[in-house]
Amino acid sequence: MTVRVRFAPSPTGYLHIGGARTALYNYLYAKAIGGTFILRIEDTDLERSQAEYERLQIDDLKWLGIHHDEGPDKPNPKYAPYRQSERSEIYQKYAQTLIEKDLAYYDFCTEEELEAMKAKAEAEGRDPHYEGKWKEPQFKAEALERVKKGEKAAIRFRAYKKSYTLNDKVKGHVTYPEGMVGDFVIVRSNGLPVYNYCCVIDDMLMDITHVIRGEDHLNNTVRQLMIYEALGAKLPEFAHVSLLIGHDRQKLSKRHGATSVNLYRNEHYLPEAMCNYLCLLGWSHPEEKDIFDKTDLFKVFSLDRFSAHAAMYDLEKLKWVNGEHVKKMPVSDLIELIEKEPESEFFKKQSAEWKNSCVGLLTKYAQFVTDFPKLVNELILKEKPEMTEPLKEIMSWETTPKIVSFISAEVEKASSEFVTEAELNTWMDHVKKEMGVKGKPLFQGVRAALTGHDHGPDLKFLIPLTPVTVLKKRVEHLKG
RNA sequence: GCUCCCAUCGUCUAGCCCGGUCUAGGACAUCGCCUUUUCACGGCGGUAACAGGGGUUCGAAUCCCCUUGGGAGUACCA
């Protein structure tokens with residue numbers, strides 16, 4: 001039997017970091033084992049669901065390189081449709097069967113009655129389980145009659161009075177004691193089914209073999225276990241992955257800042273880096289690697305390397321992972337990405353040789369693709385760098401003004417667009433031999449004259465990348 | 001409140017299932033050193049953890065119990 005896994009988001013907002021991680025785990029498992037990855041849309045909460053979010057989430061998934069084999073846009077006739085809002089008849093049909101078998105019943109209680117019941121139970125120290133009259137068999141005929149007349153009623157599942165044990169792939173044996181949940185609603189009075197119910201119907205009908213999802217569903221699983229039992233359906237394997245938490249150790253949510261994938265996408269993080277980092281939160285590589293790509297994961301991903309405790313989302317490490325992926329990327333790919341960045345007009349106009357050399361030099365300093373245009377602007381194109389304290393210090397040395405006027409004259413003489421490394425060496429040699437300056441005053445002086453900075457990348461690579469026109473302006477600026 | 005889950009460096013984690021090889025390994029961050037005629041890059045190294053208490057055992061990070069702490073769920077949300 002082939003493995004079938006699913007990611008089932010609710011289109012109530014942007015794709016969340018945590019959702020992306022869950023989707024990734026499902027996707028990786030399917031790929032690693034030769035299974036099928038299904039995307040199902042859980043839009044039964046009509047008030048909060050929006051079609052636009054479905055599109056946006058699928059788009060973010062695509063960006064991350066998490067591609068589904070089946071879904072609303074790629075239906076397999078055997079399992080379609082993939083939106084819960086389009087599966088109402090199916091849920092209704094099964095609900096009817098459950099009622100016929102007395103495994104569920106209609107409930108006409110109003111919200112107020114329910115709340116009163118709950119308050120009373122709490123006051124008496126009992127679990128707030130449903131104790132309305134409609135669960136009694138003698139009211140079944142009346143209920144059926146009222147429904148036939150068109151009266152609205154919720155459908156409630158008759159919870160089994162027994163304990164359950166789940167053998168979870170991450171948590172091990174989880175025991176749900178008897179009476180943990182009371183009779184719960186599976187279909188709302190407006191006719192729409194509820195998550196814990198349609199989730200089971202769909203997983204059953206879609207032949208889902210492994211349910212990989214967040215730990216926030218762990219307690220709910222007992223309800224689902226009951227429905228599986230009532231339906232006589234085969235249980236899938238469950239893997240409840242630990243939650244992602246923020247710096248306050250609370251479940252990661254909007255108030256923790258950037259938690260939606262599109263934000264990182266907008267900031268031009270590399271999708272491979274996002275996947276790499278997300279995968280690392282709660283899962284470990286068998287060889288203890290920190291940096292890897294999907295091709296590697298397809299070979300080694302398995303469900304037995306999850307950690308059971310929550311993982312704190314740490315932007316610092318994400319940034320580092322992104323930097324590692326930037327460094328790993330082929331130069332030609334990197335150039336292509338840099339050219340898509342805003343403010344890279346100058347970069348685009350340069351020769352292939354210049355670009356290669358530039359990327360080769362700046363990669364060490366860049367953690368993001370967006371850093372390249374910034375570094376080019378700062379290190380190569382800036383004509384009037386600020387007079388910083390360390391720079392003032394260098395200017396105060398008695399040798400520096402002499403170096404500056406020498407360099408100034410040389411730069412004025414230069415006729416080509418760029419200075420070559422050989423030319424730069426000649427200048428350095430001159431300062432060294434004719435002016436008798438060496439060591440720190442030599443290098444720092446030349447650096448100050450040509451870059452207007454006290455630090456930065458190696459001069460012999462940096463200066464040949466800098467237009468002579470810029471060099472001229474810098475020396476002028478420094479002298480003035 | 002009740003129920004469930006969890007507990008190794010500041011953070012992500014390896015080790016735990018199958019006790020000894022763990023004076024607990026790696027990574028991020030942090031600090032220091034080296035190299036570099038400058039500045040970097042880089043290299044090397046340091047600080048830093050088995051929540052606490054009981055058992056079991058010749059021996060426990062690893063098995064059991066309790067305490068504490070954290071998280072989640074407890075909806076006609078998903």
# chains A, B, ... in the order shown; residues from 1 in each chain; ligands from 1

$ closest_atom_pairs --of "chain B" --to "chain A" --cutoff "10 Å" --atoms "only C-alpha atoms (C1' of nucleotides)" --output "tab-separated table"
residue	atom	partner	partner_atom	distance
B:G1	C1'	A:Gly125	CA	8.5
B:C2	C1'	A:Asp127	CA	7.2
B:U3	C1'	A:Met180	CA	6.4
B:C4	C1'	A:Asn219	CA	6.1
B:C5	C1'	A:Lys171	CA	7.7
B:C6	C1'	A:His309	CA	5.3
B:A7	C1'	A:His309	CA	7.8
B:U11	C1'	A:Asp314	CA	7.0
B:C12	C1'	A:Leu281	CA	6.5
B:U13	C1'	A:Ser284	CA	7.2
B:A14	C1'	A:Glu288	CA	7.1
B:G26	C1'	A:Glu288	CA	7.0
B:A27	C1'	A:Asp290	CA	6.7
B:C28	C1'	A:Lys317	CA	5.1
B:A29	C1'	A:Glu316	CA	7.7
B:U37	C1'	A:Gly439	CA	4.1
B:U38	C1'	A:Phe443	CA	4.2
B:C39	C1'	A:His455	CA	4.4
B:A40	C1'	A:Pro457	CA	5.2
B:C41	C1'	A:Lys364	CA	6.7
B:G70	C1'	A:Arg249	CA	7.8
B:G71	C1'	A:Gln250	CA	7.3
B:A72	C1'	A:Asp216	CA	5.6
B:G73	C1'	A:Asn219	CA	5.4
B:U74	C1'	A:Val181	CA	8.3
B:A75	C1'	A:Val185	CA	9.3
B:C76	C1'	A:Arg188	CA	4.5
B:C77	C1'	A:Asp45	CA	7.2
B:A78	C1'	A:Tyr195	CA	6.3

$ write_last_selection --atoms "C-alpha atoms (C1' of nucleotides)" --output "PDB file, in the first residue's frame"
ATOM      1  C1'   G B   1      -9.811  23.813  37.430  1.00  0.00           C
ATOM      2  C1'   C B   2      -9.519  19.209  34.591  1.00  0.00           C
ATOM      3  C1'   U B   3      -6.893  16.249  30.771  1.00  0.00           C
ATOM      4  C1'   C B   4      -2.823  15.364  27.692  1.00  0.00           C
ATOM      5  C1'   C B   5       2.205  16.363  26.207  1.00  0.00           C
ATOM      6  C1'   C B   6       7.211  17.992  27.241  1.00  0.00           C
ATOM      7  C1'   A B   7      12.049  18.917  30.155  1.00  0.00           C
ATOM      8  C1'   U B  11      19.107  29.014  21.282  1.00  0.00           C
ATOM      9  C1'   C B  12      18.586  24.520  17.723  1.00  0.00           C
ATOM     10  C1'   U B  13      20.116  19.774  18.852  1.00  0.00           C
ATOM     11  C1'   A B  14      23.266  14.512  19.199  1.00  0.00           C
ATOM     12  C1'   G B  26      27.904  19.367  16.964  1.00  0.00           C
ATOM     13  C1'   A B  27      25.700  24.100  15.200  1.00  0.00           C
ATOM     14  C1'   C B  28      23.972  29.479  15.991  1.00  0.00           C
ATOM     15  C1'   A B  29      25.193  33.453  19.168  1.00  0.00           C
ATOM     16  C1'   U B  37      53.026  44.656   5.787  1.00  0.00           C
ATOM     17  C1'   U B  38      46.304  47.370   6.300  1.00  0.00           C
ATOM     18  C1'   C B  39      41.263  45.716   6.569  1.00  0.00           C
ATOM     19  C1'   A B  40      38.741  41.556   6.068  1.00  0.00           C
ATOM     20  C1'   C B  41      38.006  36.508   4.904  1.00  0.00           C
ATOM     21  C1'   G B  70       6.797  24.974  30.523  1.00  0.00           C
ATOM     22  C1'   G B  71       3.311  24.049  26.604  1.00  0.00           C
ATOM     23  C1'   A B  72      -1.308  22.444  24.468  1.00  0.00           C
ATOM     24  C1'   G B  73      -6.352  21.133  24.647  1.00  0.00           C
ATOM     25  C1'   U B  74     -10.813  21.677  27.107  1.00  0.00           C
ATOM     26  C1'   A B  75     -15.967  25.499  21.034  1.00  0.00           C
ATOM     27  C1'   C B  76     -21.943  24.624  16.808  1.00  0.00           C
ATOM     28  C1'   C B  77     -12.495  27.426  15.428  1.00  0.00           C
ATOM     29  C1'   A B  78      -9.005  24.772  12.664  1.00  0.00           C
TER      30        A B  78
END

$ residues_around --residues "A61 (chain B)" --least-positions-apart "6" --cutoff "12 Å" --atoms "only C-alpha atoms (C1' of nucleotides)" --output "list of chain:residue names"
B:A7, B:U8, B:A14, B:G15, B:C16, B:G19, B:C22, B:A24, B:A49, B:C50

$ write_last_selection --atoms "N, CA and C atoms (P, O5', C5', C4', C3', O3' and C1' of nucleotides)" --output "compact mmCIF listing (two decimals), in the first residue's frame"
# COMPACT_ATOMS: atom_id res chain seq x y z
P A B 7 11.17 15.40 26.80
O5' A B 7 11.71 16.68 27.62
C5' A B 7 12.16 17.86 26.90
C4' A B 7 12.71 18.85 27.93
C3' A B 7 13.87 18.22 28.71
O3' A B 7 15.14 18.81 28.55
C1' A B 7 12.05 18.92 30.15
P U B 8 15.53 20.02 27.65
O5' U B 8 17.10 19.92 27.92
C5' U B 8 17.53 19.59 29.24
C4' U B 8 19.00 19.30 29.17
C3' U B 8 19.80 20.33 28.39
O3' U B 8 20.11 21.44 29.21
C1' U B 8 20.43 18.16 27.70
P A B 14 17.89 15.55 18.71
O5' A B 14 19.41 15.10 18.75
C5' A B 14 20.10 14.89 17.52
C4' A B 14 21.45 14.29 17.77
C3' A B 14 21.46 13.06 18.67
O3' A B 14 21.07 11.92 17.96
C1' A B 14 23.27 14.51 19.20
P G B 15 20.10 10.83 18.57
O5' G B 15 20.91 10.33 19.83
C5' G B 15 22.07 9.52 19.66
C4' G B 15 22.80 9.45 20.97
C3' G B 15 22.00 8.84 22.11
O3' G B 15 22.12 7.42 22.08
C1' G B 15 23.14 10.80 22.85
P C B 16 20.87 6.52 21.86
O5' C B 16 20.04 6.71 23.20
C5' C B 16 20.51 6.16 24.45
C4' C B 16 19.50 6.50 25.51
C3' C B 16 18.14 5.83 25.29
O3' C B 16 17.93 4.93 26.38
C1' C B 16 17.91 8.20 25.61
P G B 19 19.63 -0.86 28.06
O5' G B 19 21.11 -0.64 28.70
C5' G B 19 21.99 0.16 28.00
C4' G B 19 22.06 1.50 28.73
C3' G B 19 23.50 1.78 29.12
O3' G B 19 23.81 3.06 28.65
C1' G B 19 22.04 1.74 31.05
P C B 22 32.76 8.52 25.34
O5' C B 22 32.17 9.28 26.58
C5' C B 22 32.89 9.93 27.61
C4' C B 22 31.83 10.61 28.45
C3' C B 22 31.12 9.68 29.42
O3' C B 22 31.28 10.17 30.75
C1' C B 22 29.57 10.89 28.08
P A B 24 32.03 16.37 29.91
O5' A B 24 31.10 15.28 29.20
C5' A B 24 31.49 14.65 27.96
C4' A B 24 30.27 14.56 27.08
C3' A B 24 29.83 15.90 26.48
O3' A B 24 30.49 16.15 25.26
C1' A B 24 27.98 14.85 27.51
P A B 49 27.44 24.46 32.45
O5' A B 49 26.13 23.77 31.90
C5' A B 49 24.85 24.31 32.24
C4' A B 49 23.80 23.45 31.62
C3' A B 49 23.80 22.00 32.10
O3' A B 49 23.05 21.90 33.30
C1' A B 49 23.68 22.06 29.74
P C B 50 23.47 20.81 34.36
O5' C B 50 23.16 19.45 33.62
C5' C B 50 22.04 18.69 34.03
C4' C B 50 21.28 18.30 32.79
C3' C B 50 20.14 17.34 33.05
O3' C B 50 19.02 17.86 32.36
C1' C B 50 21.73 16.37 31.54

$ residues_around --residues "region 331-348 of chain A" --least-positions-apart "3" --cutoff "10 Å" --atoms "only C-alpha atoms (C1' of nucleotides)" --output "PyMOL selection string"
chain A and resi 268+326-328+351-352+354-360+363+368-374+376-377+381

$ select_by_dssp --residues "region 41-152 of chain A" --states "alpha helix (DSSP H)" --output "ChimeraX atom specification"
/A:51-64,88-100,111-123,140-148

$ residues_around --residues "Lys31 (chain A)" --least-positions-apart "6" --cutoff "10 Å" --atoms "only C-alpha atoms (C1' of nucleotides)" --output "MDAnalysis selection string"
chainID A and resid 3 25 37 294:295 297:299 301

$ write_last_selection --atoms "C-alpha atoms" --output "PDB file, in the first residue's frame"
ATOM      1  CA  VAL A   3       1.942   6.064   1.475  1.00  0.00           C
ATOM      2  CA  TYR A  25       7.570  17.362   6.749  1.00  0.00           C
ATOM      3  CA  PHE A  37       1.493  14.350  -1.062  1.00  0.00           C
ATOM      4  CA  LYS A 294      15.988  18.754  -0.509  1.00  0.00           C
ATOM      5  CA  THR A 295      17.838  16.269  -2.680  1.00  0.00           C
ATOM      6  CA  LEU A 297      16.565  15.098   2.496  1.00  0.00           C
ATOM      7  CA  PHE A 298      14.751  12.934  -0.024  1.00  0.00           C
ATOM      8  CA  LYS A 299      17.352  10.290   0.768  1.00  0.00           C
ATOM      9  CA  PHE A 301      14.213  11.976   5.824  1.00  0.00           C
TER      10      PHE A 301
END

$ select_by_dssp --residues "region 118-219 of chain A" --states "strand (DSSP E)" --output "count of residues only"
23
